[in-house]
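Asker: Data file query_3.csv (CSV, C-alpha atoms and all ligand atoms) is appended below.
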```csv
chain,number,residue,atom,x,y,z
A,1,MET,CA,-4.8,-0.2,19.1
A,2,ASP,CA,-1.1,0.6,19.4
A,3,ILE,CA,-0.7,4.1,18.0
A,4,ASN,CA,1.5,5.1,20.9
A,5,GLY,CA,3.6,8.0,19.7
A,6,LEU,CA,1.8,9.6,16.8
A,7,GLU,CA,5.0,10.7,15.3
A,8,LYS,CA,5.5,7.2,14.0
A,9,SER,CA,5.3,7.0,10.2
A,10,ILE,CA,2.1,5.5,8.9
A,11,VAL,CA,2.5,2.7,6.3
A,12,PHE,CA,-0.3,1.5,3.9
A,13,ILE,CA,-0.4,-2.1,2.8
A,14,GLY,CA,-2.9,-4.2,0.8
A,15,PHE,CA,-3.5,-5.7,-2.6
A,16,MET,CA,-2.8,-3.8,-5.9
A,17,GLY,CA,-5.7,-1.4,-6.5
A,18,ALA,CA,-6.9,-1.5,-2.8
A,19,GLY,CA,-6.4,2.3,-2.7
A,20,LYS,CA,-3.0,2.6,-0.9
A,21,THR,CA,-1.7,5.4,-3.1
A,22,THR,CA,-5.0,7.3,-3.2
A,23,VAL,CA,-5.9,7.0,0.5
A,24,GLY,CA,-2.3,7.5,1.7
A,25,ASN,CA,-2.1,10.8,-0.2
A,26,LEU,CA,-5.4,12.0,1.4
A,27,VAL,CA,-4.3,10.9,4.9
A,28,ALA,CA,-1.0,12.7,4.5
A,29,LYS,CA,-2.8,15.9,3.5
A,30,LYS,CA,-5.2,15.7,6.4
A,31,LEU,CA,-2.3,15.2,8.9
A,32,GLY,CA,0.0,17.7,7.2
A,33,ARG,CA,2.6,15.0,6.8
A,34,LYS,CA,4.9,14.3,3.9
A,35,PHE,CA,3.5,11.6,1.6
A,36,MET,CA,5.7,9.1,-0.3
A,37,ASP,CA,4.6,6.3,-2.6
A,38,THR,CA,7.4,3.8,-2.8
A,39,ASP,CA,6.5,2.7,-6.4
A,40,GLU,CA,6.7,6.4,-7.5
A,41,VAL,CA,10.1,6.8,-5.8
A,42,ILE,CA,11.5,3.7,-7.5
A,43,GLU,CA,10.1,4.8,-10.9
A,44,LYS,CA,11.6,8.2,-10.6
A,45,GLU,CA,15.0,6.8,-9.6
A,46,LEU,CA,15.1,4.3,-12.5
A,47,GLY,CA,13.4,6.7,-14.9
A,48,MET,CA,10.7,4.4,-16.1
A,49,PRO,CA,7.3,3.0,-15.1
A,50,THR,CA,7.0,-0.2,-13.1
A,51,SER,CA,5.8,-2.2,-16.0
A,52,GLN,CA,9.0,-1.2,-17.9
A,53,ILE,CA,11.2,-1.9,-14.9
A,54,PHE,CA,9.8,-5.5,-14.7
A,55,LYS,CA,10.2,-6.0,-18.5
A,56,GLU,CA,13.7,-4.5,-19.0
A,57,LEU,CA,15.4,-5.0,-15.6
A,58,GLY,CA,13.4,-7.8,-14.1
A,59,GLU,CA,11.3,-8.2,-11.0
A,60,ALA,CA,14.3,-9.0,-8.8
A,61,VAL,CA,15.8,-5.6,-9.4
A,62,PHE,CA,12.5,-3.9,-8.5
A,63,ARG,CA,12.2,-6.0,-5.3
A,64,GLU,CA,15.8,-5.2,-4.2
A,65,LYS,CA,15.1,-1.5,-4.7
A,66,GLU,CA,11.9,-1.9,-2.8
A,67,LYS,CA,13.7,-3.5,0.1
A,68,SER,CA,16.4,-1.0,0.5
A,69,LEU,CA,14.1,2.0,0.1
A,70,ILE,CA,11.4,0.8,2.5
A,71,THR,CA,13.7,-0.5,5.2
A,72,SER,CA,15.4,2.9,5.3
A,73,LEU,CA,12.2,5.0,5.1
A,74,ALA,CA,10.6,2.9,7.9
A,75,LEU,CA,13.2,4.5,10.3
A,76,GLU,CA,12.0,8.0,9.5
A,77,LYS,CA,9.3,9.8,11.5
A,78,ASN,CA,6.1,11.6,10.5
A,79,LEU,CA,5.8,10.2,7.0
A,80,VAL,CA,2.8,8.6,5.3
A,81,LEU,CA,4.1,5.8,3.1
A,82,SER,CA,2.1,3.8,0.5
A,83,LEU,CA,3.9,0.6,-0.3
A,84,GLY,CA,3.4,-1.6,-3.4
A,85,GLY,CA,1.2,-4.6,-2.9
A,86,GLY,CA,4.0,-7.1,-3.1
A,87,ALA,CA,6.4,-5.3,-0.6
A,88,PHE,CA,5.2,-7.3,2.4
A,89,LEU,CA,6.2,-10.5,0.7
A,90,GLN,CA,9.8,-9.6,1.9
A,91,GLU,CA,10.4,-10.5,5.5
A,92,GLU,CA,12.9,-7.6,6.0
A,93,ILE,CA,10.2,-5.1,4.9
A,94,ARG,CA,7.6,-6.6,7.2
A,95,THR,CA,9.9,-6.6,10.2
A,96,ALA,CA,11.1,-3.0,9.6
A,97,CYS,CA,7.6,-1.6,9.1
A,98,LEU,CA,5.9,-3.6,11.9
A,99,SER,CA,8.6,-2.6,14.4
A,100,SER,CA,9.1,1.1,13.6
A,101,THR,CA,5.9,2.3,11.9
A,102,PHE,CA,2.1,2.1,12.2
A,103,VAL,CA,0.9,-0.4,9.5
A,104,ILE,CA,-2.6,0.0,8.1
A,105,PHE,CA,-4.0,-2.7,5.9
A,106,LEU,CA,-6.6,-1.5,3.4
A,107,GLU,CA,-8.8,-4.5,2.9
A,108,VAL,CA,-11.1,-4.9,-0.2
A,109,SER,CA,-13.2,-7.9,-1.1
A,110,PHE,CA,-12.3,-9.7,-4.4
A,111,GLU,CA,-15.8,-8.7,-5.8
A,112,SER,CA,-15.3,-5.0,-5.1
A,113,TRP,CA,-11.7,-5.2,-6.4
A,114,LEU,CA,-12.8,-6.9,-9.6
A,115,GLU,CA,-15.1,-3.9,-10.3
A,116,ARG,CA,-12.0,-1.7,-10.7
A,117,VAL,CA,-9.5,-4.1,-12.2
A,118,ASN,CA,-9.7,-2.3,-15.5
A,119,LEU,CA,-8.4,0.9,-14.0
A,120,ILE,CA,-5.2,-0.8,-12.9
A,121,ILE,CA,-4.3,-3.7,-15.1
A,122,ASP,CA,-2.2,-1.8,-17.7
A,123,SER,CA,0.1,-0.5,-15.0
A,124,ARG,CA,0.5,-3.6,-12.9
A,125,PRO,CA,2.8,-6.2,-14.5
A,126,VAL,CA,2.0,-8.8,-11.9
A,127,LEU,CA,-1.6,-9.0,-13.2
A,128,GLN,CA,-0.9,-9.0,-16.9
A,129,GLY,CA,-1.7,-12.2,-18.8
A,130,LYS,CA,-3.6,-13.6,-15.8
A,131,SER,CA,-7.1,-15.0,-16.0
A,132,ILE,CA,-9.7,-13.9,-13.4
A,133,GLU,CA,-9.3,-17.2,-11.7
A,134,GLU,CA,-5.5,-16.7,-11.5
A,135,MET,CA,-6.0,-13.2,-10.1
A,136,LYS,CA,-8.3,-14.5,-7.5
A,137,GLU,CA,-5.7,-17.1,-6.5
A,138,LEU,CA,-3.0,-14.5,-6.1
A,139,PHE,CA,-5.5,-12.2,-4.2
A,140,GLU,CA,-6.2,-15.0,-1.7
A,141,LYS,CA,-2.6,-16.0,-1.3
A,142,ARG,CA,-1.6,-12.4,-0.6
A,143,GLN,CA,-4.2,-12.0,2.2
A,144,VAL,CA,-1.9,-14.1,4.4
A,145,ILE,CA,0.9,-11.5,4.3
A,146,TYR,CA,-1.4,-8.6,4.8
A,147,ALA,CA,-2.5,-10.2,8.1
A,148,ASN,CA,0.6,-8.6,9.5
A,149,HIS,CA,-0.7,-5.1,10.4
A,150,HIS,CA,-1.6,-2.8,13.3
A,151,LEU,CA,-5.0,-1.7,11.9
A,152,LYS,CA,-7.3,-3.1,9.3
A,153,ILE,CA,-9.8,-1.0,7.4
A,154,GLN,CA,-12.6,-2.7,5.3
A,155,THR,CA,-13.0,-0.4,2.3
A,156,ASP,CA,-15.8,-1.9,0.3
A,157,GLY,CA,-18.4,0.7,-0.7
A,158,LYS,CA,-16.5,3.5,0.8
A,159,THR,CA,-14.9,6.4,-1.1
A,160,PRO,CA,-11.2,7.2,-0.6
A,161,GLU,CA,-12.3,10.4,1.2
A,162,GLU,CA,-14.5,8.4,3.6
A,163,ILE,CA,-11.7,5.9,4.3
A,164,ALA,CA,-9.2,8.7,5.0
A,165,HIS,CA,-11.7,10.4,7.3
A,166,TYR,CA,-12.3,7.2,9.2
A,167,ILE,CA,-8.6,6.6,9.7
A,168,ILE,CA,-8.0,10.2,11.0
A,169,ASP,CA,-11.0,9.8,13.3
A,170,LYS,CA,-9.6,6.5,14.7
A,171,MET,CA,-6.2,8.1,15.3
A,172,ARG,CA,-7.7,11.2,17.0
A,173,TRP,CA,-9.7,9.0,19.2
A,174,SER,CA,-6.7,6.9,20.2
A,175,GLU,CA,-4.7,10.1,20.8
A,176,THR,CA,-7.2,11.3,23.4
A,177,GLU,CA,-6.9,7.9,25.1
A,178,ARG,CA,-3.2,8.3,25.7
A,201,LIG,N1,-12.2,3.2,-2.2
A,201,LIG,C1,-12.2,3.3,-3.5
A,201,LIG,N2,-13.3,3.3,-4.3
A,201,LIG,C2,-13.3,3.4,-5.6
A,201,LIG,N3,-12.2,3.5,-6.3
A,201,LIG,C3,-11.0,3.5,-5.7
A,201,LIG,C4,-11.0,3.4,-4.2
A,201,LIG,N4,-9.7,3.4,-3.9
A,201,LIG,C5,-8.9,3.6,-5.0
A,201,LIG,N5,-9.7,3.6,-6.1
A,201,LIG,C6,-9.3,3.7,-7.5
A,201,LIG,O1,-8.6,2.4,-7.8
A,201,LIG,C7,-7.5,2.7,-8.6
A,201,LIG,C8,-6.3,2.1,-7.8
A,201,LIG,O2,-6.0,2.9,-6.7
A,201,LIG,P1,-4.6,3.1,-6.1
A,201,LIG,O3,-4.7,4.1,-5.0
A,201,LIG,O4,-3.6,3.3,-7.1
A,201,LIG,O5,-4.4,1.6,-5.4
A,201,LIG,P2,-3.0,0.9,-4.9
A,201,LIG,O6,-2.0,2.0,-4.6
A,201,LIG,O7,-3.5,0.2,-3.7
A,201,LIG,O8,-2.6,0.0,-6.0
A,201,LIG,C9,-7.4,4.2,-8.8
A,201,LIG,O9,-8.0,4.4,-10.1
A,201,LIG,C10,-8.3,4.8,-7.7
A,201,LIG,O10,-8.9,6.0,-8.1
A,202,LIG,O1,1.6,-6.4,-5.8
A,202,LIG,C1,2.6,-6.3,-6.5
A,202,LIG,O2,3.5,-7.2,-6.6
A,202,LIG,C2,2.9,-5.0,-7.1
A,202,LIG,C3,2.1,-3.9,-6.7
A,202,LIG,C4,2.3,-2.6,-7.3
A,202,LIG,O3,1.9,-1.5,-6.4
A,202,LIG,P1,0.3,-1.2,-6.0
A,202,LIG,O4,0.0,-2.2,-5.0
A,202,LIG,O5,0.3,0.2,-5.6
A,202,LIG,O6,-0.5,-1.4,-7.2
A,202,LIG,C5,3.8,-2.3,-7.8
A,202,LIG,O7,4.6,-2.3,-6.6
A,202,LIG,C6,4.2,-3.4,-8.6
A,202,LIG,O8,3.4,-3.4,-9.8
A,202,LIG,C7,4.1,-4.8,-8.0
A,203,MG,MG,0.0,2.2,-5.3
```
Kindly present the structure from the file in structure tokens form.

Answerer:
Amino acid sequence: MDINGLEKSIVFIGFMGAGKTTVGNLVAKKLGRKFMDTDEVIEKELGMPTSQIFKELGEAVFREKEKSLITSLALEKNLVLSLGGGAFLQEEIRTACLSSTFVIFLEVSFESWLERVNLIIDSRPVLQGKSIEEMKELFEKRQVIYANHHLKIQTDGKTPEEIAHYIIDKMRWSETER
């Protein structure tokens, strides 16, 4: 595992609802690092929730903000960053994160994901109006972009606390190896 130089920022990727925001926050607390959720930063800057940004300004505006924000944050050290699930669709974001940060993919099976879709659907415009079949199609299509990572964590059946713990353990272990 390449976690050479633990001062590198840590970036969480994965599908909507995989737990990036929840787990990222916990990992940052455990490491005593600053946590930033890029969706929250964009929402604050534009003064409205993501669903309203998509509706009123359009997805392209959101994606542009996402690109400039993440490519610049990727250059900073010692952050924990949770991205939106669509961020890695943009090549510039992938390249910036993979070259300057440590990218952790939170993997969840479609079956486990489906158990919590009701918790997220209202706040995720990309899912709205989609049938389960269409969501599954999007889920599978997105797995290809998440294959670009430094570390993958399978999260099924684990609590956010357990996942955060596991990540810290892995990093400690790799630190003693250096
Ligand atoms: N490992 C988990 N097990 C159960 N529920 C989870 C887990 N991770 C996240 N959740 C719940 O799923 C929802 C989406 O989590 P969130 O962290 O916002 O995901 P993301 O940022 O990847 O979209 C939240 O209600 C959160 O409490
Ligand atoms: O996958 C996507 O295209 C999106 C994921 C969301 O973030 P989460 O992955 O945190 O839900 C948010 O960026 C926006 O609704 C678009
Ligand atoms: Mg999130």

Asker: Can you work out which residues are within 8 Å of ligand LIG 202 (chain A), considering all atoms listed in the file, and then hand them over as a PDB file with C-alpha atoms, in the frame of the given file?

Answerer:
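Final output, out.pdb:
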```pdb
ATOM      1  CA  ILE A  13      -0.400  -2.100   2.800  1.00  0.00           C
ATOM      2  CA  GLY A  14      -2.900  -4.200   0.800  1.00  0.00           C
ATOM      3  CA  PHE A  15      -3.500  -5.700  -2.600  1.00  0.00           C
ATOM      4  CA  MET A  16      -2.800  -3.800  -5.900  1.00  0.00           C
ATOM      5  CA  GLY A  17      -5.700  -1.400  -6.500  1.00  0.00           C
ATOM      6  CA  ALA A  18      -6.900  -1.500  -2.800  1.00  0.00           C
ATOM      7  CA  GLY A  19      -6.400   2.300  -2.700  1.00  0.00           C
ATOM      8  CA  LYS A  20      -3.000   2.600  -0.900  1.00  0.00           C
ATOM      9  CA  THR A  21      -1.700   5.400  -3.100  1.00  0.00           C
ATOM     10  CA  THR A  38       7.400   3.800  -2.800  1.00  0.00           C
ATOM     11  CA  ASP A  39       6.500   2.700  -6.400  1.00  0.00           C
ATOM     12  CA  THR A  50       7.000  -0.200 -13.100  1.00  0.00           C
ATOM     13  CA  SER A  51       5.800  -2.200 -16.000  1.00  0.00           C
ATOM     14  CA  SER A  82       2.100   3.800   0.500  1.00  0.00           C
ATOM     15  CA  LEU A  83       3.900   0.600  -0.300  1.00  0.00           C
ATOM     16  CA  GLY A  84       3.400  -1.600  -3.400  1.00  0.00           C
ATOM     17  CA  GLY A  85       1.200  -4.600  -2.900  1.00  0.00           C
ATOM     18  CA  GLY A  86       4.000  -7.100  -3.100  1.00  0.00           C
ATOM     19  CA  ALA A  87       6.400  -5.300  -0.600  1.00  0.00           C
ATOM     20  CA  ILE A 120      -5.200  -0.800 -12.900  1.00  0.00           C
ATOM     21  CA  SER A 123       0.100  -0.500 -15.000  1.00  0.00           C
ATOM     22  CA  ARG A 124       0.500  -3.600 -12.900  1.00  0.00           C
ATOM     23  CA  PRO A 125       2.800  -6.200 -14.500  1.00  0.00           C
ATOM     24  CA  VAL A 126       2.000  -8.800 -11.900  1.00  0.00           C
TER      25      VAL A 126
END
```

Asker: So, with all atoms listed in the file as the atoms that count, which of A:Glu66, A:Glu7, A:Glu107, A:Glu43 lies closest to ligand LIG 201 (chain A)?

Answerer: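 Smallest distance to ligand LIG 201 (chain A) is found for A:Glu107.
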
Asker: Do a neighbour search on Leu79 in chain A at 7 Å with all atoms listed in the file, toss out local chain neighbours closer than 4 positions, and write the hits as a VMD selection string.

Answerer: chain A and resid 9 to 10 33 to 35

Asker: Give me the residues within 7 Å of range 161-175 of chain A as a VMD selection string, counting all atoms listed in the file and dropping any in the same chain fewer than 4 places off.

Answerer: chain A and resid 3 23 26 to 27 155

Asker: Which one is closest to Ile145 in chain A: A:Thr22, A:Gln90, A:Ser72, A:Asn78? Count all atoms listed in the file.

Answerer: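 Smallest distance to Ile145 in chain A is found for A:Gln90.
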
Asker: Which protein, DNA or RNA residues have an atom at most 7 Å from (10.9, -2.7, -11.1), counting all atoms listed in the file? List them as a ChimeraX atom specification.

Answerer: /A:50,53-54,57-59,61-63

Asker: Between A:Ile70, A:Met135, A:Ile93, A:Leu81, which has the minimum distance to ligand LIG 201 (chain A) (counting all atoms listed in the file)?

Answerer: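 That would be A:Leu81, the residue with the smallest distance to ligand LIG 201 (chain A).
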
Asker: Pick from A:Lys77, A:Arg116, A:His149, A:Lys67: nearest to ligand LIG 201 (chain A), with all atoms listed in the file counted?

Answerer: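 Distance minimum relative to ligand LIG 201 (chain A) lands on A:Arg116.
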
Asker: Could you please determine the separation between atom C7 of ligand LIG 201 (chain A) and CA of Gln154 in chain A in Å, to one decimal place?

Answerer: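 These atoms are spaced 15.8 Å apart.
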
Asker: Point out the residue among A:Leu138, A:Ala60, A:Leu151, A:Met36 with the least atom-to-atom distance to ligand MG 203 (chain A), counting all atoms listed in the file.

Answerer: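 Closest to ligand MG 203 (chain A), using all atoms listed in the file: A:Met36.
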
Asker: So what do you get for atom C4 of ligand LIG 201 (chain A) versus CA of Tyr146 in chain A, distance-wise?

Answerer: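 Pair atom C4 of ligand LIG 201 (chain A) / CA of Tyr146 in chain A returns 17.8 Å.
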
Asker: With distances taken over all atoms listed in the file, which residue among A:Met48, A:Leu98, A:Ile104, A:Val117 lies nearest ligand LIG 201 (chain A)?

Answerer: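 The shortest atom-to-atom distance to ligand LIG 201 (chain A) comes from A:Val117.
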
Asker: Kindly give the distance, in Å, that separates CA of Glu76 in chain A and CA of Gln52 in chain A, rounded to a single decimal.

Answerer: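 These atoms are spaced 29.1 Å apart.
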
Asker: Near Val41 in chain A, within 10 Å and counting all atoms listed in the file, which residues show up once chain neighbours fewer than 6 positions away are dropped, as a list in words?

Answerer: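 Those residues are Gly47, Lys65, Glu66 and Leu69 of chain A.
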